[in-house]
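For reference, structure-v5.cif (mmCIF, C-alpha atoms):
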data_entry
#
loop_
_atom_site.label_atom_id
_atom_site.label_comp_id
_atom_site.auth_asym_id
_atom_site.auth_seq_id
_atom_site.Cartn_x
_atom_site.Cartn_y
_atom_site.Cartn_z
CA MET A 1 0.96 -4.27 16.65
CA GLU A 2 -0.61 -1.87 14.19
CA ILE A 3 0.01 1.01 16.59
CA LYS A 4 3.71 0.19 16.97
CA LEU A 5 4.18 -0.07 13.20
CA MET A 6 2.38 3.23 12.82
CA ARG A 7 4.75 4.83 15.32
CA ASN A 8 7.76 3.63 13.31
CA ILE A 9 6.28 4.91 10.06
CA LEU A 10 5.53 8.31 11.62
CA GLY A 11 9.03 8.49 13.12
CA ALA A 12 10.68 7.85 9.74
CA ASN A 13 8.34 10.39 8.17
CA ASP A 14 9.24 13.06 10.75
CA GLU A 15 12.93 12.72 9.89
CA ILE A 16 12.31 13.34 6.20
CA ALA A 17 9.91 16.18 7.02
CA ALA A 18 12.69 17.85 9.04
CA GLN A 19 15.00 17.57 6.02
CA ASN A 20 12.33 19.11 3.80
CA ARG A 21 11.74 21.93 6.26
CA LYS A 22 15.47 22.74 6.32
CA ILE A 23 15.65 22.75 2.50
CA PHE A 24 12.58 25.00 2.19
CA ALA A 25 14.01 27.46 4.75
CA GLU A 26 17.38 27.61 2.98
CA ARG A 27 15.71 28.29 -0.36
CA GLY A 28 13.31 30.86 1.06
CA VAL A 29 10.14 28.93 0.18
CA ILE A 30 7.04 29.10 2.37
CA VAL A 31 5.02 25.88 2.21
CA MET A 32 1.30 25.50 2.89
CA ASN A 33 -0.23 22.04 3.38
CA LEU A 34 -3.84 22.41 2.20
CA MET A 35 -6.20 19.76 3.56
CA GLY A 36 -9.91 18.96 3.78
CA SER A 37 -12.59 16.39 3.01
CA PRO A 38 -13.30 15.28 -0.55
CA GLY A 39 -15.39 18.01 -2.12
CA SER A 40 -14.72 20.67 0.50
CA GLY A 41 -13.56 22.93 -2.33
CA LYS A 42 -9.76 22.81 -2.04
CA THR A 43 -9.02 22.85 -5.77
CA THR A 44 -11.46 25.63 -6.58
CA LEU A 45 -10.05 27.71 -3.71
CA LEU A 46 -6.60 27.03 -5.09
CA GLU A 47 -7.63 28.17 -8.59
CA LYS A 48 -9.05 31.41 -7.16
CA THR A 49 -5.97 31.96 -4.99
CA LEU A 50 -3.55 31.40 -7.89
CA THR A 51 -5.41 33.82 -10.15
CA ARG A 52 -5.33 36.49 -7.47
CA LEU A 53 -1.66 36.05 -6.53
CA ALA A 54 -0.21 35.36 -9.99
CA ASP A 55 1.29 38.83 -10.48
CA LYS A 56 2.28 39.31 -6.84
CA ILE A 57 4.34 36.26 -5.86
CA LYS A 58 5.76 33.18 -7.57
CA ILE A 59 3.79 30.06 -6.68
CA ALA A 60 4.15 26.36 -7.44
CA VAL A 61 1.69 23.60 -6.59
CA ILE A 62 2.00 19.95 -5.66
CA GLU A 63 -1.24 18.06 -6.23
CA GLY A 64 -1.89 14.91 -4.23
CA ASP A 65 -4.45 12.51 -5.62
CA LEU A 66 -5.16 8.79 -5.49
CA PHE A 67 -5.05 8.02 -9.20
CA THR A 68 -6.05 10.85 -11.53
CA ALA A 69 -4.44 14.10 -12.69
CA LYS A 70 -7.81 15.86 -12.78
CA ASP A 71 -6.88 18.53 -10.23
CA ALA A 72 -3.40 19.08 -11.65
CA GLU A 73 -4.91 19.70 -15.09
CA ARG A 74 -7.19 22.35 -13.55
CA ILE A 75 -4.25 24.03 -11.80
CA GLU A 76 -2.13 24.06 -14.97
CA GLN A 77 -4.77 26.25 -16.57
CA ALA A 78 -3.76 28.94 -14.09
CA GLY A 79 -0.29 28.98 -15.67
CA VAL A 80 1.44 27.71 -12.55
CA ASP A 81 4.08 24.97 -12.24
CA VAL A 82 2.32 21.91 -10.90
CA ILE A 83 3.69 18.51 -9.91
CA GLN A 84 1.22 15.62 -9.66
CA ILE A 85 1.69 12.96 -6.99
CA ASN A 86 -0.48 9.88 -7.37
CA THR A 87 -0.61 7.88 -4.16
CA ALA A 88 -2.06 4.81 -5.95
CA GLY A 89 -4.87 4.61 -3.44
CA GLY A 90 -2.91 5.94 -0.46
CA CYS A 91 -4.91 8.18 1.84
CA HIS A 92 -2.39 10.96 2.49
CA LEU A 93 0.83 12.55 1.27
CA ASP A 94 3.99 11.92 3.26
CA ALA A 95 7.30 13.75 3.52
CA SER A 96 9.20 11.45 1.15
CA MET A 97 6.63 11.99 -1.62
CA ILE A 98 7.12 15.74 -1.23
CA GLN A 99 10.91 15.44 -1.23
CA LYS A 100 10.80 13.43 -4.46
CA ALA A 101 8.38 15.86 -6.12
CA CYS A 102 10.58 18.84 -5.21
CA VAL A 103 13.40 17.49 -7.37
CA SER A 104 11.32 18.62 -10.36
CA LEU A 105 10.83 22.14 -9.00
CA ASN A 106 13.20 25.10 -9.15
CA LEU A 107 12.76 26.07 -5.50
CA ASP A 108 14.88 29.23 -5.85
CA ALA A 109 12.29 30.69 -8.21
CA ILE A 110 9.36 30.07 -5.83
CA ASP A 111 8.00 32.15 -2.95
CA LEU A 112 5.09 29.93 -2.00
CA LEU A 113 4.63 26.20 -2.50
CA ILE A 114 1.06 25.01 -2.02
CA VAL A 115 0.57 21.28 -1.43
CA GLU A 116 -2.99 20.12 -1.99
CA ASN A 117 -3.29 16.96 0.03
CA VAL A 118 -5.54 13.94 -0.65
CA GLY A 119 -9.19 14.68 0.17
CA ASN A 120 -9.43 13.27 3.69
CA LEU A 121 -10.20 14.83 7.06
CA VAL A 122 -8.26 12.21 9.04
CA CYS A 123 -4.95 10.81 7.78
CA PRO A 124 -3.21 13.84 6.20
CA ALA A 125 -3.21 15.61 9.59
CA GLU A 126 -0.96 12.87 11.00
CA PHE A 127 1.82 13.28 8.45
CA ASP A 128 4.21 16.22 8.67
CA ILE A 129 5.49 16.98 5.16
CA GLY A 130 7.87 19.76 6.22
CA GLU A 131 5.34 22.54 5.65
CA ASN A 132 5.41 25.94 7.40
CA PHE A 133 1.72 25.72 8.17
CA LYS A 134 -1.35 23.61 7.55
CA ALA A 135 -4.69 24.96 6.32
CA VAL A 136 -7.98 23.07 6.42
CA VAL A 137 -11.01 23.72 4.23
CA LEU A 138 -14.37 22.76 5.79
CA SER A 139 -17.43 23.06 3.58
CA ILE A 140 -20.55 24.43 5.25
CA THR A 141 -22.44 21.49 3.74
CA GLU A 142 -20.36 19.05 5.82
CA GLY A 143 -22.05 20.16 9.02
CA ASP A 144 -21.04 22.13 12.11
CA ASP A 145 -20.22 18.98 14.12
CA LYS A 146 -17.05 18.24 12.15
CA PRO A 147 -14.48 20.18 14.25
CA LEU A 148 -15.31 18.13 17.38
CA LYS A 149 -15.57 14.89 15.41
CA TYR A 150 -12.25 15.34 13.58
CA PRO A 151 -10.29 17.46 16.10
CA LEU A 152 -6.71 16.64 15.08
CA ILE A 153 -6.83 18.32 11.70
CA PHE A 154 -8.25 21.52 13.21
CA LYS A 155 -5.73 21.42 16.05
CA GLU A 156 -2.88 21.07 13.57
CA SER A 157 -4.08 23.75 11.16
CA GLU A 158 -3.17 27.40 11.63
CA VAL A 159 -6.20 28.44 9.59
CA THR A 160 -9.66 27.08 8.75
CA LEU A 161 -11.69 28.18 5.75
CA LEU A 162 -15.42 27.75 6.28
CA ASN A 163 -16.07 27.35 2.60
CA LYS A 164 -19.21 27.31 0.41
CA ILE A 165 -20.59 29.93 2.81
CA ASP A 166 -23.09 30.84 0.06
CA LEU A 167 -24.90 27.55 0.82
CA LEU A 168 -25.39 28.48 4.49
CA PRO A 169 -29.08 29.44 4.06
CA PHE A 170 -29.88 25.98 2.67
CA THR A 171 -28.32 24.05 5.56
CA ASN A 172 -28.71 23.82 9.34
CA PHE A 173 -25.04 24.74 9.87
CA ASN A 174 -24.62 26.82 13.05
CA LEU A 175 -21.77 29.25 12.40
CA GLN A 176 -21.45 30.40 15.99
CA SER A 177 -21.28 26.87 17.33
CA ALA A 178 -18.68 25.87 14.72
CA ARG A 179 -16.55 28.91 15.56
CA GLU A 180 -16.78 28.14 19.29
CA ASP A 181 -15.77 24.52 18.75
CA LEU A 182 -12.85 25.52 16.50
CA THR A 183 -11.60 27.95 19.12
CA THR A 184 -11.98 25.36 21.88
CA ILE A 185 -9.85 22.90 19.91
CA HIS A 186 -7.35 25.53 18.78
CA PRO A 187 -7.55 28.87 20.61
CA THR A 188 -5.39 30.83 18.15
CA ILE A 189 -6.91 29.41 14.95
CA LYS A 190 -7.62 31.91 12.20
CA ILE A 191 -11.05 31.48 10.59
CA PHE A 192 -12.20 32.74 7.20
CA GLU A 193 -15.70 32.42 5.76
CA THR A 194 -15.32 31.95 2.03
CA SER A 195 -17.28 31.25 -1.13
CA CYS A 196 -15.40 30.70 -4.35
CA THR A 197 -18.55 30.90 -6.47
CA LYS A 198 -19.58 34.27 -4.96
CA ASP A 199 -16.03 35.59 -4.32
CA THR A 200 -16.82 36.02 -0.62
CA GLY A 201 -14.00 36.41 1.90
CA LEU A 202 -11.26 35.93 -0.67
CA ASP A 203 -9.77 39.43 -0.26
CA ASP A 204 -9.11 38.72 3.42
CA TRP A 205 -7.76 35.26 2.66
CA GLU A 206 -5.43 36.66 -0.02
CA ALA A 207 -4.13 39.36 2.30
CA TRP A 208 -3.50 36.85 5.09
CA LEU A 209 -1.67 34.46 2.76
CA LEU A 210 0.50 37.27 1.36
CA GLY A 211 1.34 38.20 4.94
CA LYS A 212 2.62 34.66 5.55
CA VAL A 213 4.95 34.88 2.57
CA ALA A 214 6.20 38.37 3.39
CA ARG A 215 7.37 37.37 6.87
CA MET B 1 8.21 -1.19 3.53
CA GLU B 2 4.96 0.54 4.27
CA ILE B 3 3.28 -1.39 1.44
CA LYS B 4 4.46 -4.76 2.77
CA LEU B 5 3.28 -3.93 6.29
CA MET B 6 -0.03 -2.82 4.86
CA ARG B 7 -0.37 -6.14 3.03
CA ASN B 8 0.17 -8.04 6.31
CA ILE B 9 -2.36 -5.89 8.14
CA LEU B 10 -4.94 -6.40 5.38
CA GLY B 11 -4.28 -10.16 5.34
CA ALA B 12 -4.89 -10.45 9.09
CA ASN B 13 -8.00 -8.31 8.73
CA ASP B 14 -9.40 -10.53 5.97
CA GLU B 15 -9.16 -13.59 8.22
CA ILE B 16 -11.19 -11.94 10.97
CA ALA B 17 -13.65 -10.58 8.42
CA ALA B 18 -14.23 -14.13 7.16
CA GLN B 19 -14.96 -15.24 10.75
CA ASN B 20 -17.41 -12.35 11.17
CA ARG B 21 -19.12 -13.20 7.87
CA LYS B 22 -19.58 -16.81 8.97
CA ILE B 23 -21.02 -15.74 12.34
CA PHE B 24 -23.43 -13.26 10.72
CA ALA B 25 -24.63 -15.91 8.22
CA GLU B 26 -25.20 -18.48 10.99
CA ARG B 27 -27.21 -15.99 13.02
CA GLY B 28 -29.21 -14.75 10.05
CA VAL B 29 -27.99 -11.17 10.25
CA ILE B 30 -27.56 -9.05 7.13
CA VAL B 31 -24.77 -6.48 7.56
CA MET B 32 -24.44 -3.19 5.69
CA ASN B 33 -21.17 -1.22 5.83
CA LEU B 34 -22.20 2.42 5.36
CA MET B 35 -19.40 4.69 4.16
CA GLY B 36 -18.85 8.20 2.83
CA SER B 37 -16.94 11.45 3.32
CA PRO B 38 -17.31 13.50 6.50
CA GLY B 39 -20.58 15.40 6.17
CA SER B 40 -21.99 13.37 3.29
CA GLY B 41 -25.06 12.77 5.46
CA LYS B 42 -24.58 9.18 6.67
CA THR B 43 -25.97 9.70 10.16
CA THR B 44 -29.03 11.65 9.04
CA LEU B 45 -29.76 9.00 6.40
CA LEU B 46 -29.41 6.39 9.12
CA GLU B 47 -31.85 8.25 11.38
CA LYS B 48 -34.40 8.42 8.57
CA THR B 49 -33.87 4.78 7.66
CA LEU B 50 -34.30 3.60 11.26
CA THR B 51 -37.51 5.57 11.72
CA ARG B 52 -38.96 4.07 8.55
CA LEU B 53 -37.92 0.47 9.26
CA ALA B 54 -38.50 0.39 13.04
CA ASP B 55 -41.78 -1.54 12.88
CA LYS B 56 -40.79 -3.74 9.94
CA ILE B 57 -37.47 -5.33 10.87
CA LYS B 58 -35.17 -5.46 13.90
CA ILE B 59 -32.09 -3.30 13.41
CA ALA B 60 -28.94 -2.62 15.42
CA VAL B 61 -26.24 -0.08 14.66
CA ILE B 62 -22.49 0.08 15.18
CA GLU B 63 -21.19 3.64 15.06
CA GLY B 64 -17.57 4.25 14.12
CA ASP B 65 -16.06 7.55 15.14
CA LEU B 66 -12.61 8.91 15.97
CA PHE B 67 -13.31 10.18 19.48
CA THR B 68 -16.87 11.28 20.20
CA ALA B 69 -20.20 9.50 20.74
CA LYS B 70 -22.09 12.30 18.96
CA ASP B 71 -23.53 10.06 16.25
CA ALA B 72 -24.34 7.19 18.61
CA GLU B 73 -26.31 9.59 20.81
CA ARG B 74 -28.34 10.64 17.76
CA ILE B 75 -29.03 7.02 16.80
CA GLU B 76 -30.10 6.07 20.33
CA GLN B 77 -32.92 8.60 20.00
CA ALA B 78 -34.41 6.32 17.35
CA GLY B 79 -34.79 3.61 20.02
CA VAL B 80 -32.31 1.26 18.38
CA ASP B 81 -29.49 -0.72 20.02
CA VAL B 82 -26.28 1.09 19.18
CA ILE B 83 -22.66 0.22 19.96
CA GLN B 84 -20.07 3.00 19.75
CA ILE B 85 -16.57 2.23 18.50
CA ASN B 86 -14.02 4.98 19.02
CA THR B 87 -10.98 4.47 16.83
CA ALA B 88 -8.92 7.01 18.85
CA GLY B 89 -7.98 8.83 15.68
CA GLY B 90 -7.93 5.78 13.41
CA CYS B 91 -9.26 6.42 9.93
CA HIS B 92 -11.43 3.32 9.41
CA LEU B 93 -13.12 0.41 11.15
CA ASP B 94 -11.57 -3.02 10.84
CA ALA B 95 -12.92 -6.53 11.26
CA SER B 96 -11.56 -7.04 14.78
CA MET B 97 -13.30 -3.88 16.03
CA ILE B 98 -16.58 -5.22 14.66
CA GLN B 99 -16.02 -8.66 16.19
CA LYS B 100 -15.41 -7.11 19.60
CA ALA B 101 -18.45 -4.83 19.32
CA CYS B 102 -20.69 -7.76 18.39
CA VAL B 103 -20.07 -9.40 21.76
CA SER B 104 -22.40 -6.74 23.20
CA LEU B 105 -25.17 -7.44 20.68
CA ASN B 106 -27.79 -10.16 20.72
CA LEU B 107 -27.34 -11.15 17.09
CA ASP B 108 -30.23 -13.63 17.15
CA ALA B 109 -32.65 -10.77 17.73
CA ILE B 110 -31.37 -8.72 14.78
CA ASP B 111 -32.32 -8.82 11.09
CA LEU B 112 -30.10 -6.00 9.90
CA LEU B 113 -26.88 -4.65 11.38
CA ILE B 114 -25.85 -1.28 10.01
CA VAL B 115 -22.23 -0.25 10.54
CA GLU B 116 -21.63 3.46 10.06
CA ASN B 117 -17.95 3.73 9.22
CA VAL B 118 -15.58 6.63 9.96
CA GLY B 119 -16.19 9.59 7.63
CA ASN B 120 -13.58 8.95 4.95
CA LEU B 121 -13.81 8.25 1.22
CA VAL B 122 -10.50 6.35 1.10
CA CYS B 123 -9.45 3.99 3.89
CA PRO B 124 -12.73 2.28 4.94
CA ALA B 125 -13.07 0.81 1.43
CA GLU B 126 -9.85 -1.17 1.95
CA PHE B 127 -11.00 -2.99 5.08
CA ASP B 128 -13.47 -5.86 4.82
CA ILE B 129 -15.40 -6.05 8.10
CA GLY B 130 -17.41 -9.15 7.16
CA GLU B 131 -20.37 -7.21 5.79
CA ASN B 132 -22.83 -8.54 3.19
CA PHE B 133 -22.60 -5.34 1.20
CA LYS B 134 -21.10 -1.88 1.26
CA ALA B 135 -23.06 1.34 0.63
CA VAL B 136 -21.51 4.74 -0.08
CA VAL B 137 -23.14 8.11 0.46
CA LEU B 138 -21.90 10.90 -1.83
CA SER B 139 -23.22 14.38 -1.18
CA ILE B 140 -24.09 16.44 -4.25
CA THR B 141 -22.06 19.28 -2.70
CA GLU B 142 -18.88 17.18 -2.92
CA GLY B 143 -18.81 17.48 -6.71
CA ASP B 144 -19.39 15.13 -9.64
CA ASP B 145 -15.67 14.36 -10.04
CA LYS B 146 -15.52 12.24 -6.90
CA PRO B 147 -16.32 8.77 -8.38
CA LEU B 148 -13.30 8.93 -10.72
CA LYS B 149 -11.09 10.49 -8.05
CA TYR B 150 -11.96 7.91 -5.37
CA PRO B 151 -12.82 4.87 -7.51
CA LEU B 152 -12.19 2.06 -5.00
CA ILE B 153 -15.05 2.92 -2.66
CA PHE B 154 -17.52 3.09 -5.55
CA LYS B 155 -16.16 -0.13 -7.02
CA GLU B 156 -16.58 -1.89 -3.67
CA SER B 157 -20.05 -0.55 -2.93
CA GLU B 158 -23.18 -2.28 -4.19
CA VAL B 159 -25.12 0.96 -3.90
CA THR B 160 -24.44 4.70 -4.05
CA LEU B 161 -26.73 7.32 -2.57
CA LEU B 162 -26.39 10.69 -4.31
CA ASN B 163 -27.45 12.57 -1.22
CA LYS B 164 -28.49 16.19 -0.49
CA ILE B 165 -30.08 16.16 -3.95
CA ASP B 166 -32.14 19.19 -2.81
CA LEU B 167 -28.94 21.27 -3.08
CA LEU B 168 -28.44 20.34 -6.75
CA PRO B 169 -29.76 23.69 -8.09
CA PHE B 170 -27.14 25.59 -6.04
CA THR B 171 -24.16 23.60 -7.34
CA ASN B 172 -22.54 22.77 -10.69
CA PHE B 173 -22.93 19.03 -10.06
CA ASN B 174 -23.60 17.19 -13.33
CA LEU B 175 -25.90 14.26 -12.50
CA GLN B 176 -25.58 12.56 -15.86
CA SER B 177 -21.81 12.69 -15.79
CA ALA B 178 -21.68 11.33 -12.22
CA ARG B 179 -24.02 8.48 -13.14
CA GLU B 180 -21.92 7.63 -16.20
CA ASP B 181 -18.71 7.61 -14.17
CA LEU B 182 -20.27 5.45 -11.45
CA THR B 183 -21.44 2.95 -14.05
CA THR B 184 -18.02 2.92 -15.73
CA ILE B 185 -16.35 2.11 -12.41
CA HIS B 186 -19.02 -0.37 -11.34
CA PRO B 187 -21.44 -1.44 -14.11
CA THR B 188 -24.03 -3.04 -11.80
CA ILE B 189 -24.03 -0.32 -9.14
CA LYS B 190 -27.43 0.72 -7.84
CA ILE B 191 -27.88 4.50 -7.61
CA PHE B 192 -30.41 6.40 -5.52
CA GLU B 193 -30.91 10.16 -5.50
CA THR B 194 -31.87 11.12 -1.95
CA SER B 195 -32.56 14.10 0.26
CA CYS B 196 -33.13 13.52 3.96
CA THR B 197 -34.34 17.08 4.54
CA LYS B 198 -36.95 16.85 1.75
CA ASP B 199 -37.67 13.10 2.09
CA THR B 200 -36.73 12.54 -1.56
CA GLY B 201 -35.95 9.06 -2.80
CA LEU B 202 -36.28 7.45 0.62
CA ASP B 203 -39.24 5.22 -0.34
CA ASP B 204 -37.14 3.57 -3.04
CA TRP B 205 -34.14 3.28 -0.73
CA GLU B 206 -36.28 1.71 2.01
CA ALA B 207 -37.81 -0.81 -0.40
CA TRP B 208 -34.40 -1.77 -1.75
CA LEU B 209 -32.95 -2.21 1.74
CA LEU B 210 -35.92 -4.34 2.85
CA GLY B 211 -35.35 -6.47 -0.23
CA LYS B 212 -31.76 -7.11 0.87
CA VAL B 213 -32.93 -8.35 4.26
CA ALA B 214 -35.76 -10.51 2.87
CA ARG B 215 -33.42 -12.50 0.64
#
As structure tokens, how would this structure be written, given the file I've shared?
Amino acid sequence: MEIKLMRNILGANDEIAAQNRKIFAERGVIVMNLMGSPGSGKTTLLEKTLTRLADKIKIAVIEGDLFTAKDAERIEQAGVDVIQINTAGGCHLDASMIQKACVSLNLDAIDLLIVENVGNLVCPAEFDIGENFKAVVLSITEGDDKPLKYPLIFKESEVTLLNKIDLLPFTNFNLQSAREDLTTIHPTIKIFETSCTKDTGLDDWEAWLLGKVAR
Amino acid sequence: MEIKLMRNILGANDEIAAQNRKIFAERGVIVMNLMGSPGSGKTTLLEKTLTRLADKIKIAVIEGDLFTAKDAERIEQAGVDVIQINTAGGCHLDASMIQKACVSLNLDAIDLLIVENVGNLVCPAEFDIGENFKAVVLSITEGDDKPLKYPLIFKESEVTLLNKIDLLPFTNFNLQSAREDLTTIHPTIKIFETSCTKDTGLDDWEAWLLGKVAR
């Protein structure tokens, strides 16, 4: 029964996601759905990204969180328009939440809309929100077994950031094995190794992201 | 609509959880529901715990995972009975999955049943599986803001393990602030600081866990 209900919910979501996608295309907005486990470093990556891109393109952010506005308050410091969505305990953002949040944004003034999803390596990957592409942040400290254990999110994401790469020496994370597994799951996946505390890999990430907007 | 469906699903789950709880009590089995984000260190903690308790009490393990048997294979090495549940992408274990898995266990021969839930800081906290108590593993590398951002799981859990404490010097994790937030959310919560690579805090954890079984 649960599976059938789930199928209906996903079907309804897909319809709204298609509407969102059409609206974003008409208004010339590229949308990135940023996902990852709690504590993988999504918000800090976002802060770094916003600072770097502030004078190059116009960005807005939608912050998904269960209850608090903690992340949105951090993003506001970067001087960027940010809309907070509280899911009231819900484990993912869906297309209707995004549609509602977009009413408060002037889409014509935006090049890139970044949606930071709820910290969760499972559910967000199942819900299309009308984005152009998904990105997943995997912290080195989470372990190299995560791509095979949570394959859907890596299959769905155009890009993976292996984040907190500065902590690699203090873990048993096998970079080569993780890269092989990622490529097995998703042959064309783009992989960056990043550290937001050491500013590692962020030039390449910035250049890639700008390339997505320029297209 | 989604909320109403969710309420029905949770109601049905609670009924089965109550059945499980009755069965466990009759058979004298204490059940721990072990939760935490992907990569918080649940399986490694479990390996350490099993090795320490092997000659003291009889333990069995139920491993929840989306698709693979990677964790169950690790646990089998410890010489413990382990049942693998694959949720086929599902984001949590529910009471009916546990009931079904228990058919393959000889409950009379078990003192402690440890259920390692799907790696997820959100959904597993919503589903009673009939356990005696919930435990949540939070890795230091996930950040000290997680208790306030994901309050339900910390409210539901009798104990929190602040794990990978050996990585504390390489992060900006504020221990005092995390402890204060945990106690605000859940005044009686028991907190351990653990490292499975450095064997920190595991004596206290072992003693506490043995105390739960002896009661």
Original post:
Out of B:Met35, B:Ala17, B:Leu182, B:Ala54, which residue has the shortest atom-to-atom distance to Cys123 of chain B when counting all atoms listed in the file?
Top reply: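 With all atoms listed in the file as the atom set, the closest residue is B:Met35.
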Could the residues of chain B that have an atom at most 8 Å from chain A be listed as a Markdown table, each with its closest atom pair and the distance in Å to one decimal, counting only C-alpha atoms and ordered by chain and ascending residue number?
| residue | atom | partner | partner_atom | distance |
| --- | --- | --- | --- | --- |
| B:Glu2 | CA | A:Ile9 | CA | 7.4 |
| B:Leu5 | CA | A:Leu5 | CA | 8.0 |
| B:Ile9 | CA | A:Glu2 | CA | 7.5 |
| B:Ser37 | CA | A:Pro38 | CA | 6.5 |
| B:Pro38 | CA | A:Glu142 | CA | 6.4 |
| B:Gly39 | CA | A:Glu142 | CA | 3.7 |
| B:Ser40 | CA | A:Glu142 | CA | 6.4 |
| B:Gly41 | CA | A:Glu142 | CA | 7.9 |
| B:Asp65 | CA | A:Lys149 | CA | 7.4 |
| B:Leu66 | CA | A:Lys149 | CA | 6.7 |
| B:Phe67 | CA | A:Lys149 | CA | 6.6 |
| B:Thr68 | CA | A:Lys149 | CA | 6.1 |
| B:Lys70 | CA | A:Lys149 | CA | 7.9 |
| B:Gly89 | CA | A:Val122 | CA | 7.5 |
| B:Gly90 | CA | A:Val122 | CA | 7.8 |
| B:Cys91 | CA | A:Val122 | CA | 5.9 |
| B:Gly119 | CA | A:Leu121 | CA | 8.0 |
| B:Asn120 | CA | A:Asn120 | CA | 6.1 |
| B:Leu121 | CA | A:Asn120 | CA | 7.1 |
| B:Val122 | CA | A:Cys91 | CA | 5.9 |
| B:Cys123 | CA | A:Cys91 | CA | 6.5 |
| B:Thr141 | CA | A:Gly39 | CA | 6.8 |
| B:Glu142 | CA | A:Gly39 | CA | 3.7 |
| B:Gly143 | CA | A:Gly39 | CA | 5.7 |
| B:Lys146 | CA | A:Pro38 | CA | 7.4 |
| B:Leu148 | CA | A:Thr68 | CA | 7.5 |
| B:Lys149 | CA | A:Thr68 | CA | 6.1 |
| B:Tyr150 | CA | A:Leu66 | CA | 6.9 |
| B:Leu152 | CA | A:Gly89 | CA | 7.9 |
| B:Leu167 | CA | A:Phe170 | CA | 7.5 |
| B:Phe170 | CA | A:Leu167 | CA | 7.5 |
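Nearest to Leu112 of chain A of all the residues A:Ile57, A:Val136, A:Ile98, A:Ala25 is A:Ile57, counting all atoms listed in the file.
Contact shell of Arg27 of chain A at 12 Å (only C-alpha atoms; same-chain neighbours under 2 positions omitted): Asn20, Arg21, Lys22, Ile23, Phe24, Ala25, Val29, Ile30, Val31, Cys102, Leu105, Asn106, Leu107, Asp108, Ala109, Ile110, Asp111, Leu112 and Leu113 of chain A.
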Mind checking which residues fall within 10 Å of Asp199 of chain A, counting only C-alpha atoms, ignoring those fewer than 5 positions away in the same chain, and posting them as an mmCIF file with C-alpha atoms, in the frame of the given file?
data_model
loop_
_atom_site.group_PDB
_atom_site.id
_atom_site.type_symbol
_atom_site.label_atom_id
_atom_site.label_comp_id
_atom_site.auth_asym_id
_atom_site.auth_seq_id
_atom_site.Cartn_x
_atom_site.Cartn_y
_atom_site.Cartn_z
ATOM 1 C CA LEU A 45 -10.050 27.710 -3.710
ATOM 2 C CA LYS A 48 -9.050 31.410 -7.160
ATOM 3 C CA ASP A 166 -23.090 30.840 0.060
ATOM 4 C CA THR A 194 -15.320 31.950 2.030
#
Original post:
Which value, in Å to one decimal, gives the distance between atom CA of Arg74 of chain A and atom CA of Arg52 of chain A?
Top reply: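 For atom CA of Arg74 of chain A relative to atom CA of Arg52 of chain A, the distance reads 15.5 Å.
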Original post:
Could you state the separation of atom CA of Asp204 of chain A and atom CA of Ile83 of chain A in Å, given to one decimal place?
Top reply: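 These two atoms are separated by 27.4 Å.
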Original post:
For Ala214 of chain B, which residue out of B:Gln19, B:Gly28, B:Gly11, B:Ile129 is the nearest one, using all atoms listed in the file?
Top reply: B:Gly28
Using the structure just given, write a file holding N, CA and C atoms for segment 176-185 of chain A, as a short mmCIF file (atom, residue, chain, number, x, y, z; two decimals), in the first residue's frame.
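For reference, selection12.cif as written:
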data_model
loop_
_atom_site.label_atom_id
_atom_site.label_comp_id
_atom_site.auth_asym_id
_atom_site.auth_seq_id
_atom_site.Cartn_x
_atom_site.Cartn_y
_atom_site.Cartn_z
N GLN A 176 40.56 6.40 -4.48
CA GLN A 176 40.49 5.70 -5.76
C GLN A 176 39.25 4.81 -5.80
N SER A 177 39.01 4.11 -4.71
CA SER A 177 37.85 3.23 -4.65
C SER A 177 36.55 4.02 -4.74
N ALA A 178 36.50 5.16 -4.06
CA ALA A 178 35.29 6.00 -4.13
C ALA A 178 35.06 6.50 -5.55
N ARG A 179 36.13 6.94 -6.20
CA ARG A 179 36.01 7.43 -7.58
C ARG A 179 35.54 6.31 -8.52
N GLU A 180 36.08 5.11 -8.33
CA GLU A 180 35.67 3.97 -9.17
C GLU A 180 34.19 3.66 -8.97
N ASP A 181 33.76 3.64 -7.71
CA ASP A 181 32.35 3.33 -7.43
C ASP A 181 31.43 4.40 -8.01
N LEU A 182 31.82 5.66 -7.86
CA LEU A 182 31.01 6.76 -8.42
C LEU A 182 30.86 6.60 -9.93
N THR A 183 31.96 6.25 -10.59
CA THR A 183 31.94 6.13 -12.04
C THR A 183 31.16 4.89 -12.48
N THR A 184 31.18 3.85 -11.65
CA THR A 184 30.38 2.66 -11.96
C THR A 184 28.89 3.01 -11.91
N ILE A 185 28.51 3.74 -10.88
CA ILE A 185 27.10 4.12 -10.71
C ILE A 185 26.66 5.12 -11.77
#
